[in-house]
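Asker: You'll find upload-v1.csv just under this line, and it carries CSV, C-alpha atoms.
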chain,number,residue,atom,x,y,z
M,1,ASP,CA,125.1,150.0,123.4
M,2,GLN,CA,122.6,148.7,125.9
M,3,GLN,CA,119.6,151.0,125.9
M,4,VAL,CA,117.7,148.9,128.5
M,5,LYS,CA,119.7,147.6,131.4
M,6,GLN,CA,118.8,145.1,134.1
M,7,ASN,CA,121.8,145.2,136.3
M,8,SER,CA,120.9,142.4,138.6
M,9,PRO,CA,121.3,139.0,136.9
M,10,SER,CA,119.5,137.2,139.7
M,11,LEU,CA,117.4,137.8,142.7
M,12,SER,CA,116.3,135.4,145.5
M,13,VAL,CA,113.4,136.0,147.8
M,14,GLN,CA,111.3,134.1,150.3
M,15,GLU,CA,107.8,133.0,149.5
M,16,GLY,CA,105.3,135.6,150.7
M,17,ARG,CA,107.8,138.5,150.6
M,18,ILE,CA,108.0,141.3,148.1
M,19,SER,CA,110.2,140.9,144.9
M,20,ILE,CA,111.5,144.1,143.4
M,21,LEU,CA,113.1,143.9,139.9
M,22,ASN,CA,114.7,146.9,138.5
M,23,CYS,CA,115.3,148.3,135.0
M,24,ASP,CA,117.1,151.4,133.7
M,25,TYR,CA,117.0,152.9,130.3
M,26,THR,CA,119.0,155.5,128.4
M,27,ASN,CA,116.9,156.4,125.4
M,28,SER,CA,114.6,159.3,126.3
M,29,MET,CA,112.5,158.5,123.3
M,30,PHE,CA,111.1,155.4,124.9
M,31,ASP,CA,107.5,155.9,125.9
M,32,TYR,CA,106.1,152.5,126.5
M,33,PHE,CA,107.6,149.9,128.9
M,34,LEU,CA,106.7,146.2,129.3
M,35,TRP,CA,107.7,143.3,131.6
M,36,TYR,CA,107.9,139.8,130.2
M,37,LYS,CA,108.3,136.6,132.2
M,38,LYS,CA,110.1,133.6,130.7
M,39,TYR,CA,110.2,130.0,131.9
M,40,PRO,CA,112.9,127.6,130.7
M,41,ALA,CA,112.3,126.2,127.2
M,42,GLU,CA,109.4,128.6,126.6
M,43,GLY,CA,108.9,131.9,124.9
M,44,PRO,CA,108.5,135.1,126.9
M,45,THR,CA,105.0,135.9,128.1
M,46,PHE,CA,103.6,139.4,128.7
M,47,LEU,CA,103.1,140.4,132.3
M,48,ILE,CA,102.4,144.1,132.6
M,49,SER,CA,103.1,147.3,130.8
M,50,ILE,CA,103.1,151.1,131.5
M,51,SER,CA,102.9,154.1,129.3
M,52,SER,CA,105.1,157.1,129.9
M,53,ILE,CA,102.1,159.2,130.8
M,54,LYS,CA,101.7,157.2,134.0
M,55,ASP,CA,103.9,156.5,136.9
M,56,LYS,CA,102.2,153.3,138.2
M,57,ASN,CA,100.2,150.4,136.8
M,58,GLU,CA,98.9,147.6,138.9
M,59,ASP,CA,97.5,144.2,138.0
M,60,GLY,CA,96.8,141.9,140.9
M,61,ARG,CA,100.1,141.0,142.6
M,62,PHE,CA,102.1,142.9,140.0
M,63,THR,CA,102.8,146.6,140.0
M,64,VAL,CA,105.1,148.5,137.7
M,65,PHE,CA,106.5,151.9,138.7
M,66,LEU,CA,108.0,154.4,136.3
M,67,ASN,CA,110.3,157.2,137.2
M,68,LYS,CA,110.9,159.1,134.0
M,69,SER,CA,113.3,161.7,135.4
M,70,ALA,CA,115.5,158.8,136.6
M,71,LYS,CA,114.9,156.7,133.6
M,72,HIS,CA,114.1,153.9,135.9
M,73,LEU,CA,111.3,151.4,136.2
M,74,SER,CA,110.7,148.6,138.7
M,75,LEU,CA,108.4,145.6,138.9
M,76,HIS,CA,107.0,144.7,142.4
M,77,ILE,CA,105.5,141.3,143.0
M,78,VAL,CA,103.8,140.9,146.3
M,79,PRO,CA,103.3,138.4,147.8
M,80,SER,CA,105.9,136.4,145.9
M,81,GLN,CA,105.1,132.7,145.1
M,82,PRO,CA,107.3,129.8,144.0
M,83,GLY,CA,105.5,129.8,140.7
M,84,ASP,CA,106.9,133.3,140.0
M,85,SER,CA,110.4,131.8,139.7
M,86,ALA,CA,111.4,132.7,136.2
M,87,VAL,CA,113.5,135.1,134.1
M,88,TYR,CA,112.0,138.6,133.9
M,89,PHE,CA,112.7,140.8,131.0
M,90,CYS,CA,112.2,144.5,130.9
M,91,ALA,CA,111.4,145.9,127.4
M,92,ALA,CA,110.8,149.4,126.0
M,93,SER,CA,109.6,150.9,122.8
M,94,ALA,CA,109.3,154.4,121.2
M,95,SER,CA,106.5,155.7,119.0
M,96,SER,CA,109.2,156.8,116.6
M,97,ASN,CA,110.3,153.3,115.7
M,98,TYR,CA,108.8,149.9,115.5
M,99,LYS,CA,110.6,147.6,117.8
M,100,LEU,CA,110.9,146.4,121.4
M,101,THR,CA,114.3,146.7,123.0
M,102,PHE,CA,114.9,144.2,125.7
M,103,GLY,CA,117.1,144.1,128.8
M,104,LYS,CA,119.2,141.1,129.6
M,105,GLY,CA,116.8,139.7,132.1
M,106,THR,CA,116.8,138.9,135.8
M,107,LEU,CA,116.4,135.4,137.2
M,108,LEU,CA,114.0,135.5,140.1
M,109,THR,CA,114.0,132.5,142.5
M,110,VAL,CA,111.2,132.4,145.1
M,111,ASN,CA,112.1,130.0,147.8
M,112,PRO,CA,109.3,128.1,149.7
A,1,ASP,CA,95.5,125.5,120.9
A,2,THR,CA,98.9,127.2,120.5
A,3,ALA,CA,98.8,130.9,119.7
A,4,VAL,CA,102.3,131.2,118.2
A,5,SER,CA,104.0,128.0,117.1
A,6,GLN,CA,107.4,127.4,115.7
A,7,THR,CA,109.0,124.4,114.1
A,8,PRO,CA,111.3,122.8,114.7
A,9,LYS,CA,112.0,123.3,118.4
A,10,TYR,CA,115.6,122.1,118.1
A,11,LEU,CA,117.8,122.2,115.0
A,12,VAL,CA,121.3,120.9,114.9
A,13,THR,CA,123.2,121.3,111.6
A,14,GLN,CA,126.6,121.6,110.1
A,15,MET,CA,128.3,124.9,109.1
A,16,GLY,CA,127.6,125.9,105.6
A,17,ASN,CA,124.1,124.3,105.4
A,18,ASP,CA,120.9,126.1,104.6
A,19,LYS,CA,118.0,125.7,107.0
A,20,SER,CA,114.5,127.2,107.6
A,21,ILE,CA,112.5,127.8,110.7
A,22,LYS,CA,108.7,128.1,110.4
A,23,CYS,CA,106.4,130.3,112.4
A,24,GLU,CA,102.6,130.4,112.5
A,25,GLN,CA,100.2,132.5,114.6
A,26,ASN,CA,96.5,131.8,114.9
A,27,LEU,CA,95.7,135.1,116.7
A,28,GLY,CA,94.7,137.1,113.6
A,29,HIS,CA,97.5,139.5,114.2
A,30,ASP,CA,98.8,141.9,111.6
A,31,THR,CA,102.4,142.0,112.7
A,32,MET,CA,105.0,139.3,113.1
A,33,TYR,CA,108.6,139.4,114.4
A,34,TRP,CA,111.8,137.4,114.6
A,35,TYR,CA,114.1,137.8,117.6
A,36,LYS,CA,117.4,136.2,118.3
A,37,GLN,CA,118.6,135.4,121.8
A,38,ASP,CA,122.3,134.8,121.8
A,39,SER,CA,124.6,133.2,124.4
A,40,LYS,CA,124.7,136.5,126.4
A,41,LYS,CA,120.9,136.1,126.7
A,42,PHE,CA,120.0,139.4,124.9
A,43,LEU,CA,116.8,139.2,123.0
A,44,LYS,CA,117.3,141.3,119.9
A,45,ILE,CA,114.8,142.1,117.1
A,46,MET,CA,115.9,140.8,113.7
A,47,PHE,CA,112.8,141.5,111.5
A,48,SER,CA,109.3,142.7,111.6
A,49,TYR,CA,106.6,142.2,109.0
A,50,ASN,CA,103.3,144.1,109.0
A,51,ASN,CA,100.6,142.6,106.7
A,52,LYS,CA,103.3,140.7,104.8
A,53,GLU,CA,105.4,143.9,104.3
A,54,LEU,CA,108.9,144.2,105.8
A,55,ILE,CA,109.0,146.9,108.4
A,56,ILE,CA,112.2,146.3,110.3
A,57,ASN,CA,115.5,144.8,109.2
A,58,GLU,CA,118.0,145.2,112.0
A,59,THR,CA,121.2,145.0,109.9
A,60,VAL,CA,120.9,141.3,109.9
A,61,PRO,CA,123.3,139.6,107.4
A,62,ASN,CA,121.6,138.9,104.1
A,63,ARG,CA,122.1,135.2,104.7
A,64,PHE,CA,119.0,135.6,106.8
A,65,SER,CA,115.9,136.0,104.6
A,66,PRO,CA,112.4,136.1,106.1
A,67,LYS,CA,109.4,135.1,104.0
A,68,SER,CA,105.8,135.9,104.8
A,69,PRO,CA,103.5,134.0,102.5
A,70,ASP,CA,100.5,135.4,104.4
A,71,LYS,CA,99.7,137.3,107.5
A,72,ALA,CA,99.7,134.2,109.7
A,73,HIS,CA,103.1,133.0,108.7
A,74,LEU,CA,106.6,134.3,108.9
A,75,ASN,CA,109.4,131.9,108.1
A,76,LEU,CA,113.1,132.4,108.5
A,77,HIS,CA,115.5,131.0,106.0
A,78,ILE,CA,119.2,131.0,106.8
A,79,ASN,CA,121.9,130.3,104.1
A,80,SER,CA,125.4,129.2,104.7
A,81,LEU,CA,125.1,128.8,108.4
A,82,GLU,CA,128.0,129.9,110.6
A,83,LEU,CA,129.0,129.0,114.1
A,84,GLY,CA,127.9,132.4,115.3
A,85,ASP,CA,124.3,131.7,114.2
A,86,SER,CA,123.9,129.3,117.1
A,87,ALA,CA,121.2,130.8,119.3
A,88,VAL,CA,117.6,130.6,120.2
A,89,TYR,CA,115.3,132.2,117.7
A,90,PHE,CA,111.9,133.4,118.8
A,91,CYS,CA,108.9,134.3,116.6
A,92,ALA,CA,106.3,136.8,117.9
A,93,SER,CA,103.2,138.5,116.8
A,94,SER,CA,101.1,141.5,117.8
A,95,GLN,CA,97.9,143.1,116.7
A,96,VAL,CA,99.6,146.5,116.1
A,97,LEU,CA,103.1,147.5,115.3
A,98,ALA,CA,105.3,148.1,118.4
A,99,GLY,CA,105.9,151.8,118.6
A,100,SER,CA,102.6,152.7,116.9
A,101,LEU,CA,100.1,154.9,118.8
A,102,SER,CA,98.9,152.1,121.0
A,103,THR,CA,101.6,149.5,121.4
A,104,ASP,CA,100.1,146.1,121.8
A,105,THR,CA,101.4,143.1,123.5
A,106,GLN,CA,103.7,140.8,121.6
A,107,TYR,CA,103.0,137.1,121.9
A,108,PHE,CA,106.0,134.8,121.6
A,109,GLY,CA,106.5,131.3,120.3
A,110,PRO,CA,108.4,128.7,122.3
A,111,GLY,CA,111.6,129.3,120.5
A,112,THR,CA,113.9,127.3,118.2
A,113,ARG,CA,117.3,126.4,119.5
A,114,LEU,CA,119.7,126.3,116.6
A,115,THR,CA,123.1,124.7,117.0
A,116,VAL,CA,125.6,125.0,114.3
A,117,LEU,CA,128.5,122.5,114.5
Have the structure of the file written as structure tokens, please.

Answerer:
Amino acid sequence: DQQVKQNSPSLSVQEGRISILNCDYTNSMFDYFLWYKKYPAEGPTFLISISSIKDKNEDGRFTVFLNKSAKHLSLHIVPSQPGDSAVYFCAASASSNYKLTFGKGTLLTVNP
Amino acid sequence: DTAVSQTPKYLVTQMGNDKSIKCEQNLGHDTMYWYKQDSKKFLKIMFSYNNKELIINETVPNRFSPKSPDKAHLNLHINSLELGDSAVYFCASSQVLAGSLSTDTQYFGPGTRLTVL
């Protein structure tokens, strides 16, 4: 029972263009959402988060959008850089429990 | 100056053996976690400890026993290893418990790749 879904296993974009990574969730109790970035042979590192009371959060080149009615969030990276090439995990948590639920990840490749 | 460290990085062992993975965080966090990333790449929570107290046990077989000697350490001991235990195990820590009023960022260790032959 996948409560957090990242339906695109991979995405390839050109340097300088926008990267859009998508995430859907099914559990309406989720109220906090995070994006993590993972390089090979390293642990995931926190990128950006958003609370369910907001619909947008921006941090430099990274923006996360939340559409609660659609149970959908997306991560926009603009402009994309080759160093952004990594696996991006979407994660969600609910105040009622004490864990993060992760999606399967999307491999982003930014081509020079 | 590693924030969350795990040892060993790689562990290859025979079925039936008992092994331990150690985790230490120097961030002063109250909460530590163990995650398992299986061959399908899902990252799933196994355990969570808050101030040395077990908070989450995600129906993990009792062959897996976490031990938290102090707030900065959360070790994972696995008895009678099985082929299906082969995975990458990640330790993480956070200042507050995920799901509490102000969910904090979880910081992950580099992972331990366990291979059971």

Asker: Which distance in Å separates atom CA of Leu54 of chain A and atom CA of Ser20 of chain A, to one decimal?

Answerer: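 These atoms are spaced 18.0 Å apart.
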
Asker: Do me a favour and pick out the residues of chain M within 12 Å of chain A, using all atoms listed in the file, as an mmCIF file with C-alpha atoms, in the frame of the given file.

Answerer:
data_model
loop_
_atom_site.group_PDB
_atom_site.id
_atom_site.type_symbol
_atom_site.label_atom_id
_atom_site.label_comp_id
_atom_site.auth_asym_id
_atom_site.auth_seq_id
_atom_site.Cartn_x
_atom_site.Cartn_y
_atom_site.Cartn_z
ATOM 1 C CA ASP M 1 125.100 150.000 123.400
ATOM 2 C CA GLN M 2 122.600 148.700 125.900
ATOM 3 C CA GLN M 3 119.600 151.000 125.900
ATOM 4 C CA VAL M 4 117.700 148.900 128.500
ATOM 5 C CA LYS M 5 119.700 147.600 131.400
ATOM 6 C CA GLN M 6 118.800 145.100 134.100
ATOM 7 C CA PRO M 9 121.300 139.000 136.900
ATOM 8 C CA MET M 29 112.500 158.500 123.300
ATOM 9 C CA PHE M 30 111.100 155.400 124.900
ATOM 10 C CA ASP M 31 107.500 155.900 125.900
ATOM 11 C CA TYR M 32 106.100 152.500 126.500
ATOM 12 C CA PHE M 33 107.600 149.900 128.900
ATOM 13 C CA LEU M 34 106.700 146.200 129.300
ATOM 14 C CA TRP M 35 107.700 143.300 131.600
ATOM 15 C CA TYR M 36 107.900 139.800 130.200
ATOM 16 C CA LYS M 37 108.300 136.600 132.200
ATOM 17 C CA LYS M 38 110.100 133.600 130.700
ATOM 18 C CA TYR M 39 110.200 130.000 131.900
ATOM 19 C CA PRO M 40 112.900 127.600 130.700
ATOM 20 C CA ALA M 41 112.300 126.200 127.200
ATOM 21 C CA GLU M 42 109.400 128.600 126.600
ATOM 22 C CA GLY M 43 108.900 131.900 124.900
ATOM 23 C CA PRO M 44 108.500 135.100 126.900
ATOM 24 C CA THR M 45 105.000 135.900 128.100
ATOM 25 C CA PHE M 46 103.600 139.400 128.700
ATOM 26 C CA LEU M 47 103.100 140.400 132.300
ATOM 27 C CA ILE M 48 102.400 144.100 132.600
ATOM 28 C CA SER M 49 103.100 147.300 130.800
ATOM 29 C CA ILE M 50 103.100 151.100 131.500
ATOM 30 C CA SER M 51 102.900 154.100 129.300
ATOM 31 C CA SER M 52 105.100 157.100 129.900
ATOM 32 C CA VAL M 87 113.500 135.100 134.100
ATOM 33 C CA TYR M 88 112.000 138.600 133.900
ATOM 34 C CA PHE M 89 112.700 140.800 131.000
ATOM 35 C CA CYS M 90 112.200 144.500 130.900
ATOM 36 C CA ALA M 91 111.400 145.900 127.400
ATOM 37 C CA ALA M 92 110.800 149.400 126.000
ATOM 38 C CA SER M 93 109.600 150.900 122.800
ATOM 39 C CA ALA M 94 109.300 154.400 121.200
ATOM 40 C CA SER M 95 106.500 155.700 119.000
ATOM 41 C CA SER M 96 109.200 156.800 116.600
ATOM 42 C CA ASN M 97 110.300 153.300 115.700
ATOM 43 C CA TYR M 98 108.800 149.900 115.500
ATOM 44 C CA LYS M 99 110.600 147.600 117.800
ATOM 45 C CA LEU M 100 110.900 146.400 121.400
ATOM 46 C CA THR M 101 114.300 146.700 123.000
ATOM 47 C CA PHE M 102 114.900 144.200 125.700
ATOM 48 C CA GLY M 103 117.100 144.100 128.800
ATOM 49 C CA LYS M 104 119.200 141.100 129.600
ATOM 50 C CA GLY M 105 116.800 139.700 132.100
ATOM 51 C CA THR M 106 116.800 138.900 135.800
ATOM 52 C CA LEU M 107 116.400 135.400 137.200
#

Asker: Could you pull out every residue with an atom within 12 Å of (94.4, 133.2, 117.1), file coordinates, counting all atoms listed in the file, and send them as a PyMOL selection string?

Answerer: chain A and resi 1-5+24-30+71-72+93-95+107

Asker: Would you export the selected residues with C-alpha atoms as an mmCIF file, in the coordinates of the input, please?

Answerer:
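The resulting file, again-v2.cif, is reproduced below:
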data_model
loop_
_atom_site.group_PDB
_atom_site.id
_atom_site.type_symbol
_atom_site.label_atom_id
_atom_site.label_comp_id
_atom_site.auth_asym_id
_atom_site.auth_seq_id
_atom_site.Cartn_x
_atom_site.Cartn_y
_atom_site.Cartn_z
ATOM 1 C CA ASP A 1 95.500 125.500 120.900
ATOM 2 C CA THR A 2 98.900 127.200 120.500
ATOM 3 C CA ALA A 3 98.800 130.900 119.700
ATOM 4 C CA VAL A 4 102.300 131.200 118.200
ATOM 5 C CA SER A 5 104.000 128.000 117.100
ATOM 6 C CA GLU A 24 102.600 130.400 112.500
ATOM 7 C CA GLN A 25 100.200 132.500 114.600
ATOM 8 C CA ASN A 26 96.500 131.800 114.900
ATOM 9 C CA LEU A 27 95.700 135.100 116.700
ATOM 10 C CA GLY A 28 94.700 137.100 113.600
ATOM 11 C CA HIS A 29 97.500 139.500 114.200
ATOM 12 C CA ASP A 30 98.800 141.900 111.600
ATOM 13 C CA LYS A 71 99.700 137.300 107.500
ATOM 14 C CA ALA A 72 99.700 134.200 109.700
ATOM 15 C CA SER A 93 103.200 138.500 116.800
ATOM 16 C CA SER A 94 101.100 141.500 117.800
ATOM 17 C CA GLN A 95 97.900 143.100 116.700
ATOM 18 C CA TYR A 107 103.000 137.100 121.900
#

Asker: Of the candidates M:Asn111, M:Asn7, M:Ser80, M:Ala70, which shows the shortest atom-to-atom distance to Cys23 of chain M, using all atoms listed in the file?

Answerer: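 The answer is M:Asn7, which sits nearest to Cys23 of chain M.
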
Asker: Would you mind reading off the distance between atom CA of Lys71 of chain M and atom CA of Ser85 of chain M, one decimal, in Å?

Answerer: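 One can read the atom CA of Lys71 of chain M to atom CA of Ser85 of chain M distance as 26.0 Å.
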
Asker: Would you mind reading off the distance between atom CA of Pro112 of chain M and atom CA of Gly16 of chain M, one decimal, in Å?

Answerer: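 Computing it gives 8.6 Å between the two atoms.
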
Asker: Smallest atom-to-atom distance to Ser68 of chain A: which of A:Gln6, A:Asn50, A:Ser39, A:Thr115, using only C-alpha atoms?

Answerer: A:Asn50

Asker: Around all listed atoms of segment 73-91 of chain M, padded 5 Å per side, what centre and edge lengths does the axis-aligned box have in Å to one decimal, as JSON?

Answerer:
{"center_x": 108.4, "center_y": 140.6, "center_z": 137.6, "size_x": 20.2, "size_y": 31.6, "size_z": 30.4}

Asker: With distances taken over only C-alpha atoms, which residue among M:Leu73, M:Leu108, M:Asn67, M:Asp84 lies nearest Ser8 of chain M?

Answerer: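 Under the stated criterion, the closest residue is M:Leu108.
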
Asker: Please return as a VMD selection string every residue within 6 Å of (108.2, 130.7, 109.3), taking into account all atoms listed in the file and the file's own coordinates.

Answerer: chain A and resid 21 to 23 73 to 76
